[in-house]
Structures are given as structure tokens and as C-alpha cells.
>>> print(open('run03.cif').read())   # mmCIF, C-alpha atoms and all ligand atoms
data_data
loop_
_atom_site.label_atom_id
_atom_site.label_comp_id
_atom_site.auth_asym_id
_atom_site.auth_seq_id
_atom_site.Cartn_x
_atom_site.Cartn_y
_atom_site.Cartn_z
CA MET A 134 0.37 11.33 27.37
CA SER A 135 -3.08 9.88 28.14
CA ASP A 136 -3.89 6.44 26.78
CA LEU A 137 -6.48 7.98 24.46
CA GLY A 138 -3.96 10.57 23.26
CA ASP A 139 -1.52 7.79 22.43
CA GLN A 140 -4.26 5.85 20.62
CA VAL A 141 -5.32 8.88 18.55
CA LYS A 142 -1.70 9.36 17.53
CA GLY A 143 -1.52 5.64 16.86
CA VAL A 144 -4.38 5.91 14.33
CA ILE A 145 -2.74 8.74 12.40
CA LEU A 146 0.82 7.45 12.50
CA GLY A 147 -0.32 3.85 11.91
CA LEU A 148 -2.19 5.02 8.81
CA ALA A 149 0.76 7.05 7.51
CA ALA A 150 3.28 4.31 8.28
CA GLY A 151 1.11 1.75 6.46
CA ASP A 152 0.82 4.10 3.51
CA VAL A 153 4.51 5.04 3.14
CA HIS A 154 5.83 1.54 3.73
CA GLY A 155 3.13 -0.07 1.58
CA ALA A 156 3.46 2.33 -1.36
CA PRO A 157 6.64 0.79 -2.84
CA PHE A 158 4.76 -2.51 -3.17
CA GLU A 159 1.52 -1.17 -4.65
CA GLY A 160 0.24 -2.01 -8.06
CA ASP A 161 1.92 -3.42 -11.15
CA PHE A 162 5.57 -3.30 -12.22
CA ALA A 163 5.18 0.13 -13.84
CA ALA A 164 3.62 1.65 -10.71
CA ARG A 165 6.31 0.18 -8.47
CA THR A 166 9.08 1.41 -10.76
CA LEU A 167 7.62 4.91 -10.88
CA TRP A 168 7.45 5.01 -7.07
CA LYS A 169 11.17 4.21 -6.94
CA PHE A 170 11.76 7.59 -8.61
CA ILE A 171 9.15 9.73 -6.88
CA GLY A 172 8.66 7.94 -3.55
CA LYS A 173 11.15 10.01 -1.56
CA THR A 174 11.40 13.69 -0.65
CA ARG A 175 14.56 15.68 -1.45
CA SER A 176 15.79 15.09 2.06
CA GLY A 177 15.25 11.35 1.71
CA GLU A 178 12.03 10.91 3.70
CA ARG A 179 9.37 8.53 2.44
CA ARG A 180 6.56 10.37 0.69
CA TRP A 181 3.01 9.53 1.57
CA THR A 182 0.35 8.92 -1.07
CA ASP A 183 -3.29 10.03 -1.46
CA ASP A 184 -4.26 7.87 1.52
CA THR A 185 -2.40 10.05 4.02
CA GLN A 186 -2.91 13.26 2.04
CA MET A 187 -6.71 12.93 2.14
CA SER A 188 -6.55 11.93 5.81
CA VAL A 189 -4.54 15.07 6.62
CA ASP A 190 -7.01 17.15 4.57
CA LEU A 191 -9.92 15.64 6.47
CA ALA A 192 -8.29 16.17 9.86
CA GLU A 193 -7.34 19.77 9.09
CA SER A 194 -10.77 20.56 7.72
CA LEU A 195 -12.47 19.11 10.83
CA LEU A 196 -10.19 21.18 13.05
CA GLU A 197 -10.62 24.39 11.05
CA CYS A 198 -14.40 24.12 10.75
CA GLY A 199 -15.10 22.59 14.16
CA GLY A 200 -16.73 19.60 12.47
CA LEU A 201 -17.57 18.31 9.03
CA ASP A 202 -18.20 20.98 6.39
CA VAL A 203 -18.52 19.07 3.12
CA GLU A 204 -17.98 22.13 0.92
CA HIS A 205 -14.83 23.15 2.80
CA LEU A 206 -13.52 19.59 2.75
CA SER A 207 -14.15 19.20 -0.97
CA GLN A 208 -12.15 22.37 -1.68
CA ARG A 209 -9.36 21.16 0.60
CA PHE A 210 -9.22 17.81 -1.22
CA ALA A 211 -9.15 19.61 -4.57
CA ALA A 212 -6.42 22.05 -3.51
CA SER A 213 -4.18 19.22 -2.28
CA TYR A 214 -4.55 17.09 -5.41
CA ALA A 215 -1.25 16.25 -7.08
CA TRP A 216 -0.86 13.41 -9.58
CA SER A 217 2.38 12.32 -7.89
CA ARG A 218 0.46 11.22 -4.78
CA GLY A 219 -1.01 8.32 -6.77
CA TYR A 220 -4.73 9.11 -6.60
CA GLY A 221 -7.20 6.66 -8.11
CA PRO A 222 -8.26 7.66 -11.65
CA GLY A 223 -11.88 8.34 -10.70
CA ALA A 224 -10.89 10.45 -7.72
CA ALA A 225 -8.42 12.39 -9.87
CA LYS A 226 -11.17 13.35 -12.35
CA THR A 227 -13.49 14.38 -9.53
CA LEU A 228 -10.87 16.50 -7.78
CA LYS A 229 -9.85 18.27 -10.99
CA ALA A 230 -13.53 19.03 -11.69
CA LEU A 231 -13.97 20.40 -8.15
CA LYS A 232 -10.95 22.64 -8.70
CA ARG A 233 -12.67 24.05 -11.80
CA GLY A 234 -15.74 24.86 -9.73
CA VAL A 235 -18.00 21.97 -10.78
CA PRO A 236 -20.60 21.36 -8.01
CA ILE A 237 -19.83 18.42 -5.68
CA LYS A 238 -22.72 16.17 -6.77
CA GLU A 239 -21.80 16.52 -10.43
CA ALA A 240 -18.04 16.22 -9.84
CA ALA A 241 -18.53 13.02 -7.84
CA ARG A 242 -19.80 11.27 -11.01
CA ARG A 243 -17.07 12.48 -13.34
CA GLY A 244 -14.99 9.31 -12.82
CA PHE A 245 -17.81 6.75 -12.79
CA PRO A 246 -21.43 7.63 -13.66
CA ASP A 247 -22.87 5.54 -10.80
CA GLY A 248 -20.31 6.88 -8.35
CA SER A 249 -17.06 5.17 -7.35
CA TRP A 250 -17.00 1.98 -5.31
CA GLY A 251 -13.23 2.32 -4.85
CA ASN A 252 -11.68 2.32 -1.38
CA GLY A 253 -10.69 6.02 -1.43
CA GLY A 254 -13.52 7.08 0.90
CA ALA A 255 -12.60 4.28 3.31
CA MET A 256 -8.85 4.94 3.43
CA ARG A 257 -9.33 8.39 5.03
CA ALA A 258 -12.29 7.43 7.23
CA PRO A 259 -10.32 6.35 10.35
CA ILE A 260 -9.85 10.10 10.96
CA LEU A 261 -13.61 10.46 11.49
CA ALA A 262 -13.37 8.22 14.55
CA LEU A 263 -11.08 10.85 16.11
CA TRP A 264 -13.78 13.48 16.29
CA PRO A 265 -16.17 13.80 19.26
CA TRP A 266 -19.50 13.18 17.48
CA GLU A 267 -22.58 12.87 19.67
CA ASN A 268 -23.02 9.15 18.98
CA GLN A 269 -22.41 6.30 16.51
CA ARG A 270 -25.36 7.32 14.34
CA GLU A 271 -23.70 10.65 13.74
CA LEU A 272 -20.43 8.90 12.92
CA LEU A 273 -22.33 6.80 10.36
CA ARG A 274 -23.93 9.88 8.77
CA ARG A 275 -20.65 11.79 8.66
CA SER A 276 -18.82 8.80 7.17
CA HIS A 277 -21.26 8.75 4.27
CA GLU A 278 -21.09 12.52 3.79
CA SER A 279 -17.31 12.74 3.85
CA ALA A 280 -16.97 9.84 1.41
CA SER A 281 -19.66 11.17 -0.93
CA ILE A 282 -17.42 13.97 -2.23
CA THR A 283 -15.46 11.41 -4.25
CA HIS A 284 -17.51 8.25 -3.71
CA ALA A 285 -21.18 8.65 -4.61
CA HIS A 286 -21.73 4.88 -4.82
CA PRO A 287 -23.31 3.38 -1.66
CA GLU A 288 -20.54 0.77 -1.46
CA GLY A 289 -17.88 3.50 -1.50
CA GLN A 290 -19.70 5.04 1.48
CA ASP A 291 -20.15 1.70 3.26
CA GLY A 292 -16.38 1.32 3.11
CA ALA A 293 -15.95 4.65 4.90
CA TRP A 294 -18.42 3.64 7.59
CA LEU A 295 -16.69 0.25 8.05
CA LEU A 296 -13.30 1.88 8.64
CA ALA A 297 -14.59 4.73 10.81
CA HIS A 298 -16.61 2.24 12.86
CA ALA A 299 -13.76 -0.28 13.22
CA THR A 300 -11.42 2.53 14.32
CA SER A 301 -13.89 3.78 16.92
CA LEU A 302 -14.21 0.21 18.27
CA ALA A 303 -10.41 -0.04 18.41
CA LEU A 304 -10.26 3.12 20.54
CA GLU A 305 -12.66 1.35 22.93
CA HIS A 306 -10.49 -1.81 22.96
CA VAL A 307 -13.44 -3.92 21.72
CA ASP A 308 -12.56 -7.62 21.20
CA ALA A 309 -12.53 -9.16 17.73
CA SER A 310 -15.70 -11.25 18.14
CA ALA A 311 -17.66 -8.19 19.30
CA VAL A 312 -16.16 -6.11 16.48
CA TRP A 313 -17.56 -8.42 13.79
CA LEU A 314 -20.98 -8.38 15.47
CA ALA A 315 -20.94 -4.58 15.58
CA LEU A 316 -19.67 -4.11 12.02
CA VAL A 317 -22.77 -5.65 10.40
CA GLU A 318 -24.72 -2.61 11.62
CA GLY A 319 -25.53 0.18 9.20
CA LEU A 320 -24.26 -1.40 5.96
CA GLN A 321 -26.23 -0.74 2.78
CA SER A 322 -24.54 -3.39 0.64
CA ASP A 323 -25.69 -7.01 1.04
CA ALA A 324 -22.34 -8.20 -0.30
CA LEU A 325 -20.41 -6.35 2.42
CA HIS A 326 -22.86 -7.48 5.07
CA ALA A 327 -22.25 -11.10 4.02
CA GLN A 328 -18.47 -10.52 4.03
CA VAL A 329 -18.52 -9.27 7.62
CA ILE A 330 -20.52 -12.30 8.76
CA ARG A 331 -18.15 -14.60 6.89
CA ALA A 332 -15.13 -12.77 8.38
CA ALA A 333 -16.30 -13.64 11.89
CA GLU A 334 -16.44 -17.34 10.88
CA VAL A 335 -13.02 -17.27 9.23
CA PHE A 336 -11.48 -15.41 12.16
CA GLY A 337 -12.45 -18.14 14.59
CA GLY A 338 -11.78 -20.99 12.11
CA GLN A 339 -9.08 -23.62 11.74
CA GLY A 340 -5.89 -23.59 9.65
CA ASP A 341 -4.48 -20.21 8.64
CA PRO A 342 -7.34 -17.72 9.00
CA MET A 343 -5.25 -14.74 7.86
CA ALA A 344 -4.26 -16.45 4.60
CA ARG A 345 -7.89 -17.42 4.07
CA ALA A 346 -8.97 -13.82 4.65
CA LEU A 347 -6.54 -12.58 1.98
CA ASP A 348 -7.97 -15.18 -0.42
CA GLU A 349 -11.62 -14.51 0.34
CA PHE A 350 -11.77 -10.77 1.01
CA GLY A 351 -9.16 -9.62 -1.46
CA THR A 352 -6.29 -7.18 -1.87
CA GLY A 353 -7.75 -4.85 -4.49
CA MET A 354 -8.76 -1.21 -4.89
CA SER A 355 -12.50 -1.62 -4.35
CA VAL A 356 -14.26 -1.51 -0.99
CA ARG A 357 -15.43 -5.08 -1.63
CA THR A 358 -11.89 -6.37 -2.11
CA SER A 359 -10.04 -4.50 0.61
CA CYS A 360 -11.92 -3.11 3.61
CA VAL A 361 -12.80 -6.36 5.37
CA THR A 362 -9.31 -7.72 4.65
CA ALA A 363 -7.69 -4.66 6.27
CA ILE A 364 -9.88 -4.81 9.38
CA PHE A 365 -9.31 -8.57 9.62
CA ALA A 366 -5.54 -8.06 9.47
CA ALA A 367 -5.60 -5.34 12.14
CA LEU A 368 -7.54 -7.64 14.47
CA TRP A 369 -5.42 -10.66 13.64
CA PHE A 370 -2.16 -8.81 14.35
CA ARG A 371 -3.56 -6.83 17.26
CA ASP A 372 -1.25 -8.52 19.78
CA ARG A 373 1.55 -9.07 17.30
CA ALA A 374 4.20 -6.76 15.85
CA PHE A 375 3.24 -3.91 13.49
CA GLY A 376 6.07 -4.91 11.15
CA ASP A 377 4.53 -8.37 10.78
CA LEU A 378 1.18 -6.80 9.89
CA LEU A 379 2.83 -4.85 7.07
CA LYS A 380 4.79 -7.88 5.88
CA CYS A 381 1.61 -9.92 5.66
CA LEU A 382 -0.24 -7.23 3.71
CA ARG A 383 2.45 -6.90 1.10
CA SER A 384 2.72 -10.65 0.60
CA ARG A 385 0.07 -10.73 -2.15
CA GLY A 386 0.73 -7.40 -3.84
CA GLY A 387 -2.33 -5.44 -4.98
CA ASP A 388 -3.42 -2.25 -3.22
CA VAL A 389 -0.70 -2.55 -0.58
CA ASP A 390 -0.51 1.10 0.51
CA THR A 391 -4.22 1.32 1.17
CA LEU A 392 -4.59 -2.09 2.82
CA SER A 393 -1.66 -1.18 5.08
CA ALA A 394 -2.94 2.35 5.78
CA MET A 395 -6.41 1.10 6.76
CA ALA A 396 -5.09 -1.80 8.84
CA GLY A 397 -2.36 0.41 10.33
CA ALA A 398 -4.94 2.95 11.50
CA VAL A 399 -7.07 0.32 13.25
CA TRP A 400 -4.01 -1.42 14.73
CA GLY A 401 -2.72 1.96 15.96
CA GLY A 402 -6.11 2.66 17.52
CA TYR A 403 -5.78 -0.46 19.65
CA ARG A 404 -2.10 -0.31 20.48
CA GLY A 405 -1.27 3.40 20.41
CA ALA A 406 1.64 5.26 18.82
CA SER A 407 4.00 4.07 21.53
CA ALA A 408 3.72 0.52 20.13
CA LEU A 409 4.75 1.60 16.61
CA PRO A 410 8.44 0.91 15.89
CA GLN A 411 10.53 4.09 15.71
CA LYS A 412 12.43 2.86 12.68
CA LEU A 413 9.19 2.75 10.70
CA LEU A 414 8.09 6.18 11.93
CA GLU A 415 11.31 8.10 11.44
CA PRO A 416 11.36 8.12 7.63
CA ILE A 417 7.76 9.39 7.29
CA GLU A 418 7.42 12.72 5.48
CA GLN A 419 6.21 15.61 7.70
CA ARG A 420 5.97 13.38 10.74
CA THR A 421 5.98 16.26 13.22
CA HIS A 422 3.03 17.80 11.39
CA LEU A 423 1.14 14.51 11.65
CA GLU A 424 1.89 14.46 15.38
CA PHE A 425 0.70 18.04 15.74
CA ILE A 426 -2.62 17.19 14.08
CA ALA A 427 -2.95 14.09 16.25
CA ASP A 428 -2.40 16.15 19.42
CA ARG A 429 -5.09 18.63 18.43
CA LEU A 430 -7.59 15.89 17.63
CA ALA A 431 -6.70 14.05 20.83
CA ALA A 432 -7.36 17.18 22.88
CA GLY A 433 -10.94 17.26 21.54
CA MET A 434 -11.47 13.56 22.27
CA VAL A 435 -10.04 13.78 25.80
CA ASN A 436 -12.17 16.84 26.44
CA ARG A 437 -15.30 14.96 25.42
CA GLN A 438 -14.32 12.02 27.59
CA SER A 439 -13.95 14.23 30.66
CA HIS A 440 -17.26 16.04 29.94
CA ARG A 441 -19.09 12.75 29.55
CA GLY A 442 -17.43 11.50 32.73
CA ALA A 443 -18.52 14.68 34.50
CA ARG A 444 -22.11 14.27 33.31
CA THR A 445 -22.34 10.77 34.77
CA GLU A 446 -20.94 11.83 38.17
CA PRO A 447 -23.61 11.70 40.89
CA THR A 448 -24.66 15.20 41.93
O1 LIG B 1 -11.35 4.96 -4.68
P1 LIG B 1 -10.26 5.79 -5.17
O2 LIG B 1 -10.04 7.10 -4.52
O3 LIG B 1 -8.94 4.96 -5.17
C1 LIG B 1 -8.19 4.77 -4.09
C2 LIG B 1 -7.06 3.94 -4.53
C3 LIG B 1 -6.18 3.63 -3.40
O4 LIG B 1 -5.56 2.40 -3.68
C4 LIG B 1 -5.15 4.73 -3.45
O5 LIG B 1 -3.94 4.33 -2.86
C5 LIG B 1 -5.00 5.00 -4.93
O6 LIG B 1 -4.03 4.18 -5.52
O7 LIG B 1 -6.26 4.67 -5.47
O8 LIG B 1 -10.28 6.03 -6.72
P2 LIG B 1 -11.28 5.52 -7.85
O9 LIG B 1 -10.60 5.71 -9.13
O10 LIG B 1 -12.60 6.18 -7.64
O11 LIG B 1 -11.51 3.96 -7.56
C6 LIG B 1 -10.44 3.05 -7.53
C7 LIG B 1 -10.66 1.95 -8.59
O12 LIG B 1 -11.85 1.23 -8.30
C8 LIG B 1 -10.86 2.45 -10.00
O13 LIG B 1 -9.64 2.74 -10.62
C9 LIG B 1 -11.57 1.28 -10.64
O14 LIG B 1 -10.66 0.25 -10.96
C10 LIG B 1 -12.48 0.79 -9.52
N1 LIG B 1 -13.84 1.37 -9.62
C11 LIG B 1 -14.70 1.17 -10.61
N2 LIG B 1 -14.58 0.47 -11.76
C12 LIG B 1 -15.67 0.43 -12.59
N3 LIG B 1 -16.83 1.07 -12.30
C13 LIG B 1 -14.43 2.16 -8.71
N4 LIG B 1 -15.69 2.47 -9.10
C14 LIG B 1 -15.90 1.87 -10.26
C15 LIG B 1 -17.02 1.80 -11.17
O15 LIG B 1 -18.11 2.36 -10.95
MG MG B 2 -2.40 5.61 -2.22
MG MG B 3 -3.73 2.32 -2.74
#
>>> encode(input="run03.cif", output="C-alpha cells")
Amino acid sequence: MSDLGDQVKGVILGLAAGDVHGAPFEGDFAARTLWKFIGKTRSGERRWTDDTQMSVDLAESLLECGGLDVEHLSQRFAASYAWSRGYGPGAAKTLKALKRGVPIKEAARRGFPDGSWGNGGAMRAPILALWPWENQRELLRRSHESASITHAHPEGQDGAWLLAHATSLALEHVDASAVWLALVEGLQSDALHAQVIRAAEVFGGQGDPMARALDEFGTGMSVRTSCVTAIFAALWFRDRAFGDLLKCLRSRGGDVDTLSAMAGAVWGGYRGASALPQKLLEPIEQRTHLEFIADRLAAGMVNRQSHRGARTEPT
């Protein structure tokens, strides 16, 4: 398999592995107890949550439509909705409204009137980095559009751009210091902009930067309390073991499945699927389907790479 093919698979399997292995640690006592009962398939595999489900929906919709078709994607999200996947409450209301035929713009405000600033748009956004857009500006635009179905708030959309952007930089093997410089681009929220600048300082600082990042950038369900933490963790553990990344992200509780899914996707983009431990991959629900999707997305990315290479050849 090409390096890029392995990296594309790394994003998808890293995301799913983070999700399924983080899910048992997510939320309060009641949520964790419930997951003990519904967290496995009949054949004993680990079920994924909304994080992977919406990522699969996004990937399949991109492949079926040959790009982003917001209407198609919104219907796909709605059709896949199932309470037992642990969707956020705002997203659940939006998806049920979409299923009843409510128009996207109206449905997107059913959960929160100003639009959601939860991390649900961000958690699926690594998939967008696996599509051969013309350039980064198009990736930015598509990140906002794909998030807007459930996340009308600008911060919800910034989160999607942050994760899509960080994943695309991972595929290019960009170093941490350059990642932080790049990630300030295109953000609408001053708070997130300030967090990214602060993250660069913390990353290069003394003491225990990872512990400081968890303290400062959070472990919650909002974009503001999760996205920078997840990217930080992926960069911090980039040359370390995937299992240690997951262990770190469950150490504080909170939104563990989503932190781990987002960080897992970026880590997988750098290191590739071949660096993910088999014992963490084997129990994942529908793993061969995830691999099939990854192969199809990778084919499009490799194709683009060879076309671009061909264009720059001297004639
Ligand atoms: O963002 P979203 O899809 O949630 C994703 C999270 C992930 O952890 C998944 O694993 C799943 O567990 O849920 O769902 P939303 O309900 O839109 O947003 C998530 C949370 O962010 C909400 O439950 C609120 O706590 C908070 N939130 C808001 N609170 C007040 N006002 C988001 N937007 C608002 C708001 O406008
Ligand atoms: Mg989830
Ligand atoms: Mg979550």
C-alpha cells in the first residue's frame, strides 16, 4: 500500500479506534453504565458512537455524490440517526427534524436557537481532509458547509475547520510548530484563535505540557473545550504509542470518545494504519467496511497526487 493509502486508512481507523475505546469512559456514571449494556454488538465487537457513524455517513456521501452535497449528506445523517449511538442532544433534535422533512437551516436551530457550538461538526471533519479538493480554501468552505447541517454556530464550524485542517497537515507530515502557525488561519472565533496561539506556547514550554493542555484547553463537549486539546494530544503523542495517547485522553474523563476520535484521526494521519496496534483494531465494529471506505477515499487522493505530479513535470 502507498504511504498515502496507509495514512488515509490511519485517519479512519484512528478515529474509529479512538471512538470505540474512548466510549466506555465518556460522560457521567449513568452514561458509562448504559454503555456497559449497549456498547457491544451481538457478536461481541465494540460498537462505535455518533463520532464514527457521522464520519462514515460523510465518507459515503462524498463517494456517492463525487463531492459534498449538503442536502444528500443531511438526509444520510438523518437516516443513520439512532439514539443508541449517543448523539448530542442538540444534534438528535436536528436529525429528527430533518427526518420529518424540516428544511436544513430551520432544523439546524432546533437544538439551540443560535446554532450548536458542540464538537459534533468537528468530530467528523477529519474525513474532509481525505477528499481531493482544489485547495485549502475549498477545504475551509466545505468544512463550514458540512458542519452547518447540525452546527449553525460559527464556533461549531470553526471546530470542523480546525480538525479538517489539522488532518490535512498530518497527511503532509507537517511539524508541530508549523501546525500551530497554520491553524490560526481561517478561524472566525477570537477565543479559538487565542487558544491556538497559546497552544503553541504550551507545546514548547517547560514541565508537563500535555497535562497543562488538558487543564487549559479542556475535555468537554464544546469546540472550545475539546478541539485544541485533541490536536495537541495527537501532536504530543505523534512519535509515541497510540495506546498511550488513548490512556492520556481518558485520564480526566469528560468527552473521552470524541477527544480520542479527533486525536486518533490526526495521529493516524501522521503515522498510518500500519502503526495502529492490531489488538485495538480487531474489536472495532464493521472494521472491514471502514477499510473498504478508506481504500476508496485513498484511491481518489492518490489519483490527485499523481495528476498534480504529472502537471508539474517539465514538458
Ligand atoms: O455537538 P454535538 O453533535 O455533540 C457531540 C457530542 C460528542 O461528544 C458525541 O460523542 C456525543 O456524545 O455528543 O451535539 P450538541 O448537542 O449540538 O452539542 C453538544 C453539547 O454542547 C450540548 O449538549 C450542550 O451541552 C453544548 N452546547 C450548547 N449549550 C448551550 N447553548 C452546544 N451548543 C450550545 C448552545 O448554544
Ligand atoms: Mg460519541
Ligand atoms: Mg463524545
>>> atom_distance(input="run03.cif", atom1="CA of Leu378 (chain A)", atom2="CA of Ala315 (chain A)")
22.9 Å
>>> residues_around(input="run03.cif", residues="Ser276 (chain A)", least_positions_apart="3", cutoff="6 Å", atoms="all atoms listed in the file", output="VMD selection string")
chain A and resid 272 to 273 279 293 to 294
>>> closest_atom_pairs(input="run03.cif", of="chain A", to="ligand LIG 1 (chain B)", cutoff="6 Å", atoms="only C-alpha atoms and all ligand atoms", output="JSON lines")
{"residue": "A:Asp183", "atom": "CA", "partner": "B:LIG1", "partner_atom": "O5", "distance": 5.9}
{"residue": "A:Asp184", "atom": "CA", "partner": "B:LIG1", "partner_atom": "O5", "distance": 5.6}
{"residue": "A:Gly219", "atom": "CA", "partner": "B:LIG1", "partner_atom": "O6", "distance": 5.3}
{"residue": "A:Tyr220", "atom": "CA", "partner": "B:LIG1", "partner_atom": "C5", "distance": 4.4}
{"residue": "A:Gly221", "atom": "CA", "partner": "B:LIG1", "partner_atom": "O7", "distance": 3.4}
{"residue": "A:Pro222", "atom": "CA", "partner": "B:LIG1", "partner_atom": "O9", "distance": 4.0}
{"residue": "A:Gly223", "atom": "CA", "partner": "B:LIG1", "partner_atom": "O9", "distance": 3.3}
{"residue": "A:Ala224", "atom": "CA", "partner": "B:LIG1", "partner_atom": "O8", "distance": 4.6}
{"residue": "A:Phe245", "atom": "CA", "partner": "B:LIG1", "partner_atom": "O15", "distance": 4.8}
{"residue": "A:Asp247", "atom": "CA", "partner": "B:LIG1", "partner_atom": "O15", "distance": 5.7}
{"residue": "A:Gly248", "atom": "CA", "partner": "B:LIG1", "partner_atom": "O15", "distance": 5.7}
{"residue": "A:Ser249", "atom": "CA", "partner": "B:LIG1", "partner_atom": "N4", "distance": 3.5}
{"residue": "A:Trp250", "atom": "CA", "partner": "B:LIG1", "partner_atom": "N4", "distance": 4.0}
{"residue": "A:Gly251", "atom": "CA", "partner": "B:LIG1", "partner_atom": "O1", "distance": 3.2}
{"residue": "A:Asn252", "atom": "CA", "partner": "B:LIG1", "partner_atom": "O1", "distance": 4.2}
{"residue": "A:Gly253", "atom": "CA", "partner": "B:LIG1", "partner_atom": "O2", "distance": 3.3}
{"residue": "A:Met354", "atom": "CA", "partner": "B:LIG1", "partner_atom": "O4", "distance": 5.0}
{"residue": "A:Ser355", "atom": "CA", "partner": "B:LIG1", "partner_atom": "O12", "distance": 4.9}
{"residue": "A:Asp388", "atom": "CA", "partner": "B:LIG1", "partner_atom": "O4", "distance": 5.1}
{"residue": "A:Asp390", "atom": "CA", "partner": "B:LIG1", "partner_atom": "O5", "distance": 5.8}
{"residue": "A:Thr391", "atom": "CA", "partner": "B:LIG1", "partner_atom": "O5", "distance": 5.0}
>>> write_last_selection(input="run03.cif", atoms="C-alpha atoms", output="PDB file, keeping the file's coordinate frame")
ATOM      1  CA  ASP A 183      -3.290  10.030  -1.460  1.00  0.00           C
ATOM      2  CA  ASP A 184      -4.260   7.870   1.520  1.00  0.00           C
ATOM      3  CA  GLY A 219      -1.010   8.320  -6.770  1.00  0.00           C
ATOM      4  CA  TYR A 220      -4.730   9.110  -6.600  1.00  0.00           C
ATOM      5  CA  GLY A 221      -7.200   6.660  -8.110  1.00  0.00           C
ATOM      6  CA  PRO A 222      -8.260   7.660 -11.650  1.00  0.00           C
ATOM      7  CA  GLY A 223     -11.880   8.340 -10.700  1.00  0.00           C
ATOM      8  CA  ALA A 224     -10.890  10.450  -7.720  1.00  0.00           C
ATOM      9  CA  PHE A 245     -17.810   6.750 -12.790  1.00  0.00           C
ATOM     10  CA  ASP A 247     -22.870   5.540 -10.800  1.00  0.00           C
ATOM     11  CA  GLY A 248     -20.310   6.880  -8.350  1.00  0.00           C
ATOM     12  CA  SER A 249     -17.060   5.170  -7.350  1.00  0.00           C
ATOM     13  CA  TRP A 250     -17.000   1.980  -5.310  1.00  0.00           C
ATOM     14  CA  GLY A 251     -13.230   2.320  -4.850  1.00  0.00           C
ATOM     15  CA  ASN A 252     -11.680   2.320  -1.380  1.00  0.00           C
ATOM     16  CA  GLY A 253     -10.690   6.020  -1.430  1.00  0.00           C
ATOM     17  CA  MET A 354      -8.760  -1.210  -4.890  1.00  0.00           C
ATOM     18  CA  SER A 355     -12.500  -1.620  -4.350  1.00  0.00           C
ATOM     19  CA  ASP A 388      -3.420  -2.250  -3.220  1.00  0.00           C
ATOM     20  CA  ASP A 390      -0.510   1.100   0.510  1.00  0.00           C
ATOM     21  CA  THR A 391      -4.220   1.320   1.170  1.00  0.00           C
TER      22      THR A 391
END
>>> closest_residue(input="run03.cif", among="A:Asp136, A:Arg218, A:Gln328, A:Val435", to="Thr174 (chain A)", atoms="only C-alpha atoms")
A:Arg218
>>> residues_around(input="run03.cif", residues="Leu392 (chain A)", least_positions_apart="3", cutoff="8 Å", atoms="only C-alpha atoms", output="number ranges by chain")
A: 151, 352, 359-360, 362-363, 382, 388-389, 395-396
